[in-house]
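Undergrad: If it helps, the file is called final-v4.pdb and holds PDB, C-alpha atoms, pLDDT in the B column:
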MODEL        1
ATOM      1  CA  MET A  76      22.959 -13.420   7.846  1.00 41.00           C
ATOM      2  CA  ALA A  77      20.428 -10.584   7.971  1.00 48.00           C
ATOM      3  CA  ILE A  78      16.777 -11.174   8.581  1.00 45.00           C
ATOM      4  CA  SER A  79      14.887 -10.975   5.281  1.00 45.00           C
ATOM      5  CA  THR A  80      11.434  -9.646   4.586  1.00 49.00           C
ATOM      6  CA  GLN A  81      10.414 -13.276   3.969  1.00 54.00           C
ATOM      7  CA  SER A  82      11.483 -14.398   7.440  1.00 83.00           C
ATOM      8  CA  PRO A  83       8.639 -16.040   9.392  1.00 89.00           C
ATOM      9  CA  ALA A  84       9.981 -14.479  12.611  1.00 90.00           C
ATOM     10  CA  LEU A  85       9.951 -10.995  11.093  1.00 90.00           C
ATOM     11  CA  ALA A  86       6.480 -11.489   9.591  1.00 92.00           C
ATOM     12  CA  ALA A  87       5.083 -12.673  12.922  1.00 94.00           C
ATOM     13  CA  ALA A  88       6.814  -9.841  14.811  1.00 95.00           C
ATOM     14  CA  GLN A  89       5.366  -7.330  12.321  1.00 94.00           C
ATOM     15  CA  ARG A  90       1.897  -8.743  12.947  1.00 95.00           C
ATOM     16  CA  ALA A  91       2.430  -8.458  16.700  1.00 97.00           C
ATOM     17  CA  ALA A  92       3.547  -4.850  16.229  1.00 97.00           C
ATOM     18  CA  ALA A  93       0.475  -4.144  14.097  1.00 96.00           C
ATOM     19  CA  VAL A  94      -1.790  -5.548  16.828  1.00 97.00           C
ATOM     20  CA  CYS A  95      -0.033  -3.252  19.302  1.00 97.00           C
ATOM     21  CA  LEU A  96      -0.745  -0.294  17.016  1.00 96.00           C
ATOM     22  CA  ASP A  97      -4.345  -1.412  16.578  1.00 96.00           C
ATOM     23  CA  SER A  98      -4.632  -1.547  20.380  1.00 96.00           C
ATOM     24  CA  LYS A  99      -3.500   2.098  20.579  1.00 96.00           C
ATOM     25  CA  ALA A 100      -0.041   1.293  21.949  1.00 97.00           C
ATOM     26  CA  ASN A 101       2.464   4.151  21.953  1.00 96.00           C
ATOM     27  CA  ASP A 102       5.985   4.199  20.492  1.00 94.00           C
ATOM     28  CA  VAL A 103       5.873   0.751  18.877  1.00 96.00           C
ATOM     29  CA  VAL A 104       9.383  -0.327  17.812  1.00 95.00           C
ATOM     30  CA  LEU A 105      10.554  -3.507  16.069  1.00 95.00           C
ATOM     31  CA  LEU A 106      14.234  -4.400  16.531  1.00 93.00           C
ATOM     32  CA  ASN A 107      16.091  -6.939  14.372  1.00 90.00           C
ATOM     33  CA  LEU A 108      18.473  -8.684  16.775  1.00 88.00           C
ATOM     34  CA  GLN A 109      20.034 -11.116  14.305  1.00 85.00           C
ATOM     35  CA  GLY A 110      23.784 -10.764  14.435  1.00 82.00           C
ATOM     36  CA  VAL A 111      23.450  -8.932  17.762  1.00 85.00           C
ATOM     37  CA  SER A 112      22.025 -11.693  19.960  1.00 86.00           C
ATOM     38  CA  ASP A 113      21.530 -15.441  19.736  1.00 85.00           C
ATOM     39  CA  MET A 114      18.584 -15.458  22.151  1.00 91.00           C
ATOM     40  CA  THR A 115      15.911 -14.299  19.672  1.00 91.00           C
ATOM     41  CA  ASP A 116      15.563 -12.746  16.222  1.00 90.00           C
ATOM     42  CA  CYS A 117      13.343  -9.741  17.015  1.00 93.00           C
ATOM     43  CA  PHE A 118      11.996  -7.583  19.819  1.00 94.00           C
ATOM     44  CA  VAL A 119       8.700  -5.748  19.586  1.00 96.00           C
ATOM     45  CA  ILE A 120       8.635  -2.944  22.147  1.00 96.00           C
ATOM     46  CA  ALA A 121       5.482  -0.951  22.901  1.00 97.00           C
ATOM     47  CA  SER A 122       4.002   1.187  25.661  1.00 96.00           C
ATOM     48  CA  GLY A 123       0.537   1.353  27.151  1.00 97.00           C
ATOM     49  CA  THR A 124      -0.875   4.329  28.997  1.00 96.00           C
ATOM     50  CA  SER A 125      -1.817   2.449  32.191  1.00 96.00           C
ATOM     51  CA  ASP A 126      -1.511  -0.994  33.774  1.00 95.00           C
ATOM     52  CA  THR A 127      -4.903  -1.923  32.329  1.00 96.00           C
ATOM     53  CA  HIS A 128      -3.895  -0.738  28.863  1.00 97.00           C
ATOM     54  CA  VAL A 129      -0.609  -2.692  29.032  1.00 97.00           C
ATOM     55  CA  ARG A 130      -2.517  -5.878  29.949  1.00 97.00           C
ATOM     56  CA  SER A 131      -5.070  -5.250  27.185  1.00 97.00           C
ATOM     57  CA  ILE A 132      -2.390  -4.772  24.520  1.00 98.00           C
ATOM     58  CA  ALA A 133      -0.624  -7.995  25.558  1.00 98.00           C
ATOM     59  CA  GLU A 134      -3.888  -9.962  25.627  1.00 98.00           C
ATOM     60  CA  HIS A 135      -4.796  -8.695  22.144  1.00 97.00           C
ATOM     61  CA  VAL A 136      -1.382  -9.734  20.799  1.00 98.00           C
ATOM     62  CA  MET A 137      -1.723 -13.229  22.295  1.00 98.00           C
ATOM     63  CA  GLU A 138      -5.264 -13.617  20.955  1.00 98.00           C
ATOM     64  CA  ALA A 139      -4.421 -12.412  17.438  1.00 97.00           C
ATOM     65  CA  LEU A 140      -1.333 -14.589  17.125  1.00 97.00           C
ATOM     66  CA  ARG A 141      -3.137 -17.591  18.607  1.00 97.00           C
ATOM     67  CA  LYS A 142      -5.625 -17.284  15.719  1.00 96.00           C
ATOM     68  CA  GLU A 143      -2.604 -17.515  13.396  1.00 93.00           C
ATOM     69  CA  GLY A 144      -1.402 -20.675  15.114  1.00 95.00           C
ATOM     70  CA  LEU A 145       1.252 -19.059  17.319  1.00 96.00           C
ATOM     71  CA  ARG A 146       1.238 -19.468  21.080  1.00 97.00           C
ATOM     72  CA  ALA A 147       3.553 -17.687  23.469  1.00 97.00           C
ATOM     73  CA  HIS A 148       6.140 -20.061  24.883  1.00 96.00           C
ATOM     74  CA  HIS A 149       6.349 -17.985  28.066  1.00 97.00           C
ATOM     75  CA  VAL A 150       4.404 -15.019  29.483  1.00 97.00           C
ATOM     76  CA  GLU A 151       5.505 -12.802  32.369  1.00 97.00           C
ATOM     77  CA  GLY A 152       3.952  -9.791  34.077  1.00 96.00           C
ATOM     78  CA  LEU A 153       0.431 -10.058  32.687  1.00 95.00           C
ATOM     79  CA  GLN A 154      -1.293  -9.810  36.071  1.00 94.00           C
ATOM     80  CA  GLN A 155       0.686  -6.772  37.188  1.00 93.00           C
ATOM     81  CA  GLY A 156       0.513  -4.910  33.869  1.00 92.00           C
ATOM     82  CA  ARG A 157       3.701  -2.913  34.396  1.00 94.00           C
ATOM     83  CA  TRP A 158       5.929  -4.841  31.962  1.00 96.00           C
ATOM     84  CA  VAL A 159       4.456  -7.760  30.064  1.00 97.00           C
ATOM     85  CA  LEU A 160       6.855 -10.059  28.245  1.00 97.00           C
ATOM     86  CA  LEU A 161       5.483 -12.440  25.598  1.00 98.00           C
ATOM     87  CA  ASP A 162       8.177 -14.899  24.505  1.00 98.00           C
ATOM     88  CA  TYR A 163       7.458 -16.533  21.158  1.00 97.00           C
ATOM     89  CA  VAL A 164      11.062 -17.890  21.008  1.00 95.00           C
ATOM     90  CA  ASP A 165      11.877 -16.386  17.559  1.00 95.00           C
ATOM     91  CA  PHE A 166      10.638 -12.998  18.721  1.00 97.00           C
ATOM     92  CA  VAL A 167       9.735 -11.386  22.041  1.00 96.00           C
ATOM     93  CA  VAL A 168       7.053  -8.768  22.651  1.00 98.00           C
ATOM     94  CA  HIS A 169       7.667  -6.275  25.484  1.00 97.00           C
ATOM     95  CA  VAL A 170       4.709  -4.106  26.513  1.00 97.00           C
ATOM     96  CA  PHE A 171       5.671  -1.499  29.081  1.00 96.00           C
ATOM     97  CA  HIS A 172       4.082   1.021  31.357  1.00 95.00           C
ATOM     98  CA  PRO A 173       5.795   4.284  30.229  1.00 93.00           C
ATOM     99  CA  THR A 174       7.676   4.740  33.510  1.00 92.00           C
ATOM    100  CA  LEU A 175       9.312   1.302  33.283  1.00 92.00           C
ATOM    101  CA  ARG A 176      10.088   1.680  29.593  1.00 92.00           C
ATOM    102  CA  GLU A 177      11.922   4.904  30.314  1.00 89.00           C
ATOM    103  CA  PHE A 178      13.776   3.258  33.210  1.00 92.00           C
ATOM    104  CA  TYR A 179      14.931   0.121  31.338  1.00 86.00           C
ATOM    105  CA  GLN A 180      15.519   1.760  27.922  1.00 88.00           C
ATOM    106  CA  LEU A 181      15.673  -1.475  25.929  1.00 84.00           C
ATOM    107  CA  GLU A 182      16.140   0.434  22.679  1.00 82.00           C
ATOM    108  CA  ARG A 183      19.332   1.964  24.086  1.00 82.00           C
ATOM    109  CA  LEU A 184      20.483  -1.351  25.586  1.00 77.00           C
ATOM    110  CA  TRP A 185      20.031  -3.030  22.181  1.00 85.00           C
ATOM    111  CA  GLY A 186      21.344  -0.013  20.266  1.00 73.00           C
ATOM    112  CA  ASP A 187      23.314  -2.217  17.838  1.00 81.00           C
ATOM    113  CA  ALA A 188      20.079  -3.766  16.555  1.00 78.00           C
ATOM    114  CA  THR A 189      18.480  -2.594  13.331  1.00 82.00           C
ATOM    115  CA  VAL A 190      15.166  -0.785  13.704  1.00 86.00           C
ATOM    116  CA  VAL A 191      12.569  -2.269  11.318  1.00 86.00           C
ATOM    117  CA  PRO A 192       9.803   0.105  10.196  1.00 84.00           C
ATOM    118  CA  VAL A 193       6.427  -0.710  11.749  1.00 84.00           C
ATOM    119  CA  SER A 194       3.088   0.053  10.180  1.00 77.00           C
ATOM    120  CA  ALA A 195      -0.366  -1.455  10.425  1.00 68.00           C
ATOM    121  CA  GLU A 196      -0.580  -1.548   6.613  1.00 64.00           C
ATOM    122  CA  ASN A 197       2.653  -3.541   6.267  1.00 50.00           C
ATOM    123  CA  ALA A 198       1.444  -6.223   8.664  1.00 47.00           C
ATOM    124  CA  VAL A 199      -1.967  -6.402   6.974  1.00 45.00           C
ATOM    125  CA  GLU A 200      -0.253  -6.994   3.603  1.00 45.00           C
ATOM    126  CA  ASN A 201       1.740  -9.874   5.126  1.00 43.00           C
ATOM    127  CA  ALA A 202      -1.307 -11.333   6.901  1.00 42.00           C
ATOM    128  CA  THR A 203      -2.192 -13.454   3.864  1.00 39.00           C
ATOM    129  CA  GLU A 204       1.161 -15.254   4.070  1.00 42.00           C
ATOM    130  CA  PRO A 205       1.265 -18.214   6.477  1.00 39.00           C
ATOM    131  CA  ILE A 206       3.446 -17.873   9.567  1.00 39.00           C
ATOM    132  CA  GLY A 207       6.149 -20.459  10.057  1.00 42.00           C
TER
ENDMDL
END
Mind turning this structure into structure tokens?

TA:
Amino acid sequence: MAISTQSPALAAAQRAAAVCLDSKANDVVLLNLQGVSDMTDCFVIASGTSDTHVRSIAEHVMEALRKEGLRAHHVEGLQQGRWVLLDYVDFVVHVFHPTLREFYQLERLWGDATVVPVSAENAVENATEPIG
């Protein structure tokens, strides 16, 4: 069963991706993992330009989604700012320092996943729809 445009997980992941874009993240990618993995439905992958920028992007995502009623189930790496993982169960946000993103290459590792187009406008259009 493919993830639909009406999926709450996809809508929330698109909002997270839009916040990353709004926070000046680089190379923001949204991967649909349904049918590829049972652990989560989507990955949002983004890069910051420095440790401080990585932390800032992650904090902005958490704050914006908290306002929508979503709280991260688990957060890792926020203090270090090299690779921050925000686990929202149905989707996971990865914010990388560019060096670590290049090293781990999650997009290549999850190459069977479908890439979902990301745009700030798309997430803004969906922002009027409730999450979950």

Undergrad: Report as a ChimeraX atom specification the full result of the PyMOL selection byres ((chain A and resi 135) around 12) when it is applied to this structure.

TA: /A:90-100,128-134,136-142,153,161,168,170

Undergrad: Do you know which residues the PyMOL selection byres ((chain A and resi 122) around 8) returns on this file, as a PDB file with C-alpha atoms, keeping the file's coordinate frame?

TA:
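As written to disk, selection_25.pdb reads:
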ATOM      1  CA  ALA A 100      -0.041   1.293  21.949  1.00 97.00           C
ATOM      2  CA  ASN A 101       2.464   4.151  21.953  1.00 96.00           C
ATOM      3  CA  ASP A 102       5.985   4.199  20.492  1.00 94.00           C
ATOM      4  CA  VAL A 103       5.873   0.751  18.877  1.00 96.00           C
ATOM      5  CA  ILE A 120       8.635  -2.944  22.147  1.00 96.00           C
ATOM      6  CA  ALA A 121       5.482  -0.951  22.901  1.00 97.00           C
ATOM      7  CA  GLY A 123       0.537   1.353  27.151  1.00 97.00           C
ATOM      8  CA  THR A 124      -0.875   4.329  28.997  1.00 96.00           C
ATOM      9  CA  VAL A 129      -0.609  -2.692  29.032  1.00 97.00           C
ATOM     10  CA  VAL A 170       4.709  -4.106  26.513  1.00 97.00           C
ATOM     11  CA  PHE A 171       5.671  -1.499  29.081  1.00 96.00           C
ATOM     12  CA  HIS A 172       4.082   1.021  31.357  1.00 95.00           C
ATOM     13  CA  PRO A 173       5.795   4.284  30.229  1.00 93.00           C
ATOM     14  CA  ARG A 176      10.088   1.680  29.593  1.00 92.00           C
TER      15      ARG A 176
END

Undergrad: Quote the spacing between CA of Val167 in chain A and CA of Val193 in chain A in Å to one decimal place.

TA: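 Separation of CA of Val167 in chain A and CA of Val193 in chain A: 15.2 Å.
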
Undergrad: CA of Leu106 in chain A and CA of Phe178 in chain A, how far apart in Å?

TA: 18.4 Å

Undergrad: In Å, rounded to a single decimal, give me how far CA of Gly144 in chain A is from CA of Thr127 in chain A.

TA: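 Computing the Euclidean distance for CA of Thr127 in chain A and CA of Gly144 in chain A yields 25.7 Å.
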
Undergrad: Evaluate the PyMOL selection byres ((chain A and resi 89) around 9) on the structure here and hand back the selected residues as a list in words.

TA: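 Checked against the file, the PyMOL selection byres ((chain A and resi 89) around 9) matches Ala84, Leu85, Ala86, Ala87, Ala88, Arg90, Ala91, Ala92, Ala93, Val94, Leu105, Val119, Val191, Pro192, Val193, Ser194, Ala195, Asn197, Ala198 and Asn201 of chain A.
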
Undergrad: Quick one: what's the axis-aligned box for range 154-170 of chain A, all listed atoms, 6 Å on every side, centre and edges in Å to one decimal, as lines of an AutoDock Vina configuration file?

TA:
center_x = 5.3
center_y = -10.4
center_z = 27.4
size_x = 25.2
size_y = 27.0
size_z = 31.6

Undergrad: When distances are computed from all atoms listed in the file, which of A:Glu177, A:Leu184, A:Leu145, A:Phe166 shows the smallest separation from Gln109 in chain A?

TA: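 So, comparing all the options, the nearest one is A:Phe166.
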